[in-house]
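Beneath this line is the structure, given in structure tokens, with notes to follow.
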Amino acid sequence: MNDEIDQHLDRPEESGFADVTLVTRGVTVTASVELSETSVVIVRPQGDQSACGLQPGETVELYWVGGHEERTLPGTLTSLEGGAEPRWQIAVKGQAERSQRRKAVRARVAVPVIVPWAGSQMTGTTVDLSEGGMRALMDGWGLPPEPGTPTQLSIEIDDDLLHLQGEFVWTADRGGQQWLLAMKFLDVPERAGDIIRRRVFQALRDERAATAG
């Protein structure tokens with residue numbers, strides 16, 4: 001079991017999903033993983049590949065969920081098959097690393113959130129969540145907070161109540177004293193970041209499994 005987990009940290013899981021970023025084009029494509037070995041990964045890009053004119057030799061970066069984090073590995077396109085079921089062969093080498101884009105990884109997650117406001121507390125539910133911030137639908141009143149206003153907040157994930165520091169990015173009045181607000185998190189403690197990351201990647205796995213099914 002540990003060997004299987006280690007393998008998924010080093011290479012994406014066969015029959016799983018990975019993002020393939022075409023580095024020079026700035027395009028990222030979601031793909032199913034057909035073959036995952038030490039030196040080669042074969043993927044089937046999904047949907048609109050935005051890859052017209054792709055040629056062997058293009059530099060790519062693979063991103064996938066391994067354990068409770070996102071992993072990344074550089075590679076080179078060595079062959080491409082087009083048609084109704086395109087297939088890309090990617091030559092990879094070296095050790096995978098923790099993805100530096102992980103804080104931007106966001107998933108649709110609905111968990112309770114509390115934000116102090118105007119001498120009381122706004123309550124609501126997150127719409128989506130990442131280590132870097134959230135959007136949430138809140139029961140608001142009075143004047144909405146100005147962008148850049150700092151605040152404390154609490155998020156409940158499973159049995160953990162996380163107390164965080166944040167800053168309002170924008171607020172939209174949805175009517176009926178409901179606000180849709182965006183907030184970025186500041187100086188997230190390591191344990192809280194781990195808990196958020198696990199919940200985000202769990203949601204991504206569930207979403208991708210539902211799509212694949």
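Scheme for the structure tokens: letters A, B, ... for chains in order shown; per-chain residue numbers from 1; ligand numbers from 1 in order shown.
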
Go through range 69-183 of chain A residue by residue and, counting only C-alpha atoms, keep those with an atom at most 7 Å from range 53-62 of chain A; for each kept residue give the shortest atom pair and its distance in Å to one decimal, ordered by chain and increasing number, as CSV.
residue,atom,partner,partner_atom,distance
A:Thr72,CA,A:Leu62,CA,5.4
A:Leu73,CA,A:Leu62,CA,5.2
A:Pro74,CA,A:Glu61,CA,4.4
A:Gly75,CA,A:Val60,CA,5.2
A:Thr76,CA,A:Thr59,CA,4.7
A:Leu77,CA,A:Pro56,CA,5.1
A:Thr78,CA,A:Pro56,CA,4.8
A:Ser79,CA,A:Pro56,CA,5.5

Subject >> Residue nearest Pro189 in chain A - candidates A:Glu85, A:Glu69, A:Glu14, A:Glu131, atoms counted: only C-alpha atoms >> reply: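 Closest to Pro189 in chain A, using only C-alpha atoms: A:Glu131.
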
Original post:
Can you tell me how far CA of Arg11 in chain A sits from CA of Thr28 in chain A, in Å to one decimal?
Top reply: 18.1 Å

Subject >> d(CA of Glu156 in chain A, CA of Gln121 in chain A) in Å >> reply: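 Between CA of Glu156 in chain A and CA of Gln121 in chain A the gap works out to 14.8 Å.
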
**OP:** Give me every strand (DSSP E or B) residue in chain A, going by DSSP on the backbone, as a PyMOL selection string.
**Re:** chain A and resi 17-22+27-36+40-45+59-66+69-81+87-92+97-98+107+112-117+120-130+133-139+150-157+160-175+178-186

**OP:** Give me the residues within 12 Å of Leu162 in chain A as a list in words, counting only C-alpha atoms and dropping any in the same chain fewer than 6 places off.
**Re:**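 Residues meeting the cut-off are Val111, Pro112, Val113, Ile114, Val115, Gln152, Leu153, Ser154, Ile155, Glu156, Phe185, Val188, Pro189, Glu190, Arg191, Ala192, Gly193, Asp194, Ile195 and Ile196 of chain A.
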
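Distances here use only C-alpha atoms; by that measure, the residue among A:Arg87, A:His8, A:Arg135, A:Lys93 closest to Ala182 in chain A is A:Arg135.
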
Subject >> All helix (DSSP H, G or I) positions in range 59-213 of chain A, as a ChimeraX atom specification >> reply: /A:102-104,190-212
